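Peer 1: Supplied in structure tokens, the structure appears directly below.
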Amino acid sequence: NPDNAEKTRVLVIGGGPGGSTAATLLARQGIEVTLLESAIFPRYHIGESILPSVLPVLDLLGVREEVDNHGFVRKDGAYFEWGPENWDLNFDHLSGASRHSYQVIRSEFDHMLLKNAQAKGVDVREGVKVTEILFHGDRPVAARWSASDNSGAAGTIAFDFLVDASGRAGVMATKYLKNRRYHEAFKNVAVWSYWRDVKPLEVGPKGAIAVCSVPYGWFWAIPLHDGTTSIGLVAKRTTFSDERERLGSIEAVYADAMTQAPRILEMTQGANKIEGYKVEQDYSYVSERKSGPGYVLVGDAAAFLDPLLSTGVHLSTFSALLAAASVSAVLDGELAEQEAVDFYERAYHQAYERLLVVVSFFYNSYNRQTQFFEADKLTRRERHMLNLYESFLHIVTGIEDLDDSIDGGEALEEVAQQIATQKKIDAGHNEAMNSLPDSPRQAVGGLYLELEPRLRIRRTSEAPAGPEPVREARAGL
Ligand code: FAD
């Protein structure tokens, strides 16, 4: 215990959806949890369009009713104008209870989740930034923190287990593990702003996010419950800089791109942009390992894919759920730590890869028309690192163990064509949904996640008789 530091059982860094979910679920298991968050909530965050898979997690957190009653725009699906094709992704086609989701103002949504964490017993400290992590060998054992308000308050807190949910800042990954890899294939720039008096989307499911391609990228339009609409442009970084050079400013690129997205242009006729532009780039990355002795990386602290399918909050809350089950299994002495973190690693990475493949399909199908996005040109290093080939088979067709010597790019293309021709976009979305096991268990390496009656990891060999694992049900994609 360094410096006779204060001690907690689990330290969570970050109070976004990932951190507050992991912390709440651990506290609900009776485990002592301290959460340090550098900002004072409510704080702004991008990522307003939520997938239905988040709803069952809100149930487990005991905050579902509050979210349901808050007034967020109900989201029944997504609408795509993608190259020459239009698609509706209608959540009503999903099986299971969560056939809708919400478009949320993240400052409000994240604050609800953080306050709920506190109400469920987490020691939440806002305005407290983790500045350093102390290790015993490879194992993190304590964190130094300082007050974000420059008051000079500082201290050290020791812990048995660390959940790093620090988002893009990624304390463990960027400062200590140095294992974050950026995706060449998704080197995009996002530029967005907020508008008032935007005309409602007249097509697609009710409350849908509109995703509309332009020759060098795509727009999102997300209706929010305060009457504003979040409208953002995602463009390949190199093309974006060329356009910026040509047109003179970010504003000009955004405005010019909008003239090439007739749907968005029409919706913004007579509307007013009420804020300046926000810009983010190089947000697509993954940590090769997302866990280790005494720690797990949750949500954006481990990986972020791409805004295209609105998967960020889903992956954060899903990984937080896995983290809570894994960490409590270790602390309760039900599983060896190595086994638990391996389970976490595989289950999270598998969900991440599945979405990577689906997002790649989307970009690929567009790329054939425009040669703009290059997601199908994932480098060999990336293919090797992500083992796309295996995940594609495992996830999309259910076939296993394909030989590494077969070229991953070809296989990916094959499935891209299959998916494009069969128009199984709904099924692709179902996969995103299905990474949250709403039926009793998801088998990974002889272990599975059980949600009820208690969040835990169980051995498949000890499973009570019941429905087959979700994975088998998915094989038909
Ligand atoms: P965060 O929400 O980022 O929370 C991390 C928290 O950690 C922050 O509050 C931060 O203040 C705190 N923190 C950081 N460092 C420290 C420290 N040293 N000490 C203490 N606290 C610290 N996702 C969707 O689901 N839908 C969308 O439509 C969507 N659109 C997106 C559009 C763009 C352009 C981008 C870039 C992302 C989008 N996302 C979207 C992704 C989404 O924003 C993230 O995936 C999500 O916020 C991740 O949640 P998190 O809890 O992992 O991290």
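Within each chain, counting starts at residue 1; across the structure tokens, chains are named A, B, ... in the order shown, with ligands numbered 1 upward in that order.
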Once you count only C-alpha atoms and all ligand atoms, which residues end up within 7 Å of ligand 1, and could you hand them over as a VMD selection string?
Peer 2: chain A and resid 13 to 19 36 to 39 45 to 51 128 to 131 165 to 171 190 280 283 298 to 301 304 306 to 307 310 to 314 316
Peer 1: Mind checking DSSP for segment 267-377 of chain A and telling me the strand (DSSP E) residues as a list in words?
Peer 2: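 Everything in segment 267-377 of chain A that counts as strand (DSSP E) is Asn272, Lys273, Lys278, Val279, Glu280, Gln281, Tyr285, Val286, Ser287, Ser291, Gly292, Tyr295, Val296, Leu297, Ala303 and Phe304 of chain A.
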Peer 1: Please tabulate, as CSV, the residues of segment 154-230 of chain A that come within 9 Å of segment 105-120 of chain A, each with its closest pair of atoms and the distance in Å to one decimal, counting only C-alpha atoms and ordering rows by chain, then residue number upward.
Peer 2:
residue,atom,partner,partner_atom,distance
A:Leu224,CA,A:Ile105,CA,6.6
A:His225,CA,A:Ile105,CA,7.7
A:Asp226,CA,A:Ile105,CA,8.4
Peer 1: Enumerate, as a PyMOL selection string, the complete set of residues in segment 88-276 of chain A that a backbone-based DSSP assignment places in helix (DSSP H, G or I).
Peer 2: chain A and resi 91-93+106-119+167-169+171-177+237-247+250-258+262-267
Peer 1: Could you save the residues just selected, with C-alpha atoms, as a short mmCIF file (atom, residue, chain, number, x, y, z; two decimals), in the first residue's frame?
Peer 2:
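Output below, filename selection-v4.cif:
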data_model
loop_
_atom_site.label_atom_id
_atom_site.label_comp_id
_atom_site.auth_asym_id
_atom_site.auth_seq_id
_atom_site.Cartn_x
_atom_site.Cartn_y
_atom_site.Cartn_z
CA PHE A 91 -35.64 -2.14 -34.80
CA ASP A 92 -39.14 -3.53 -34.86
CA HIS A 93 -37.73 -6.46 -36.87
CA ARG A 106 -25.15 12.84 -23.71
CA SER A 107 -24.57 15.41 -20.98
CA GLU A 108 -27.99 14.45 -19.57
CA PHE A 109 -27.76 10.70 -20.25
CA ASP A 110 -24.26 10.32 -18.82
CA HIS A 111 -25.19 12.38 -15.77
CA MET A 112 -28.19 10.14 -15.08
CA LEU A 113 -25.98 7.08 -15.22
CA LEU A 114 -23.35 8.64 -12.96
CA LYS A 115 -25.90 9.82 -10.38
CA ASN A 116 -27.40 6.34 -10.48
CA ALA A 117 -23.95 4.86 -9.77
CA GLN A 118 -23.73 7.03 -6.68
CA ALA A 119 -27.25 6.08 -5.62
CA GLY A 167 -12.41 7.06 -22.87
CA ARG A 168 -10.19 8.32 -25.66
CA ALA A 169 -7.70 9.64 -23.09
CA VAL A 171 -4.76 6.34 -19.29
CA MET A 172 -3.49 2.74 -19.27
CA ALA A 173 -3.30 2.22 -23.04
CA THR A 174 -1.63 5.47 -24.01
CA LYS A 175 0.60 6.08 -21.00
CA TYR A 176 1.64 2.64 -19.79
CA LEU A 177 0.72 -0.22 -22.10
CA ARG A 237 -8.99 12.56 -43.74
CA THR A 238 -6.87 13.04 -46.86
CA THR A 239 -9.86 14.06 -48.99
CA PHE A 240 -11.01 16.36 -46.22
CA SER A 241 -7.68 18.22 -46.16
CA ASP A 242 -7.72 18.55 -49.95
CA GLU A 243 -11.23 19.97 -49.78
CA ARG A 244 -10.24 22.30 -46.98
CA GLU A 245 -7.33 23.55 -49.05
CA ARG A 246 -9.58 24.03 -52.05
CA LEU A 247 -12.47 25.71 -50.22
CA ILE A 250 -13.82 23.66 -42.34
CA GLU A 251 -17.12 25.55 -42.50
CA ALA A 252 -16.89 25.74 -46.27
CA VAL A 253 -16.20 21.99 -46.59
CA TYR A 254 -19.20 21.17 -44.37
CA ALA A 255 -21.47 23.55 -46.32
CA ASP A 256 -20.24 22.34 -49.68
CA ALA A 257 -20.66 18.69 -48.69
CA MET A 258 -24.20 19.43 -47.59
CA PRO A 262 -30.02 16.41 -50.95
CA ARG A 263 -31.89 14.90 -48.01
CA ILE A 264 -29.84 16.79 -45.40
CA LEU A 265 -29.94 19.96 -47.47
CA GLU A 266 -33.70 19.76 -47.70
CA MET A 267 -34.05 19.13 -43.94
#
Peer 1: Measuring atom to atom with only C-alpha atoms, identify which of A:Ser284, A:Ser101, A:Ser151, A:Thr34 is nearest to Leu356 of chain A.
Peer 2: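 Using only C-alpha atoms, Leu356 of chain A sits closest to A:Ser284.
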Peer 1: In Å to one decimal, how far is atom CA of Val12 of chain A from atom CA of Glu132 of chain A?
Peer 2: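 Distance between the two atoms: 13.7 Å.
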Peer 1: Looking at only C-alpha atoms, which of A:Leu11, A:Leu449, A:Ala323, A:Val214 is the one that sits closest to Ala158 of chain A?
Peer 2: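 Counting only C-alpha atoms, the residue closest to Ala158 of chain A is A:Leu11.
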Peer 1: Of the candidates A:Ala154, A:Leu26, A:Ala210, A:Val57, which one gets nearest to Gly127 of chain A if we count only C-alpha atoms?
Peer 2: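 The answer is A:Ala154, which sits nearest to Gly127 of chain A.
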Peer 1: Under the rule that only C-alpha atoms are counted, which of A:Gly77, A:Val198, A:Glu126, A:Leu308 is the nearest residue to Ser360 of chain A?
Peer 2: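 Between A:Gly77, A:Val198, A:Glu126, A:Leu308, the residue approaching Ser360 of chain A most closely is A:Leu308.
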Peer 1: Taking only C-alpha atoms into account, name the residue in A:Gln29, A:Ser326, A:Ser319, A:Gln260 that is nearest to Pro453 of chain A.
Peer 2: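 Checking each candidate against Pro453 of chain A, we get A:Gln29 as the closest.
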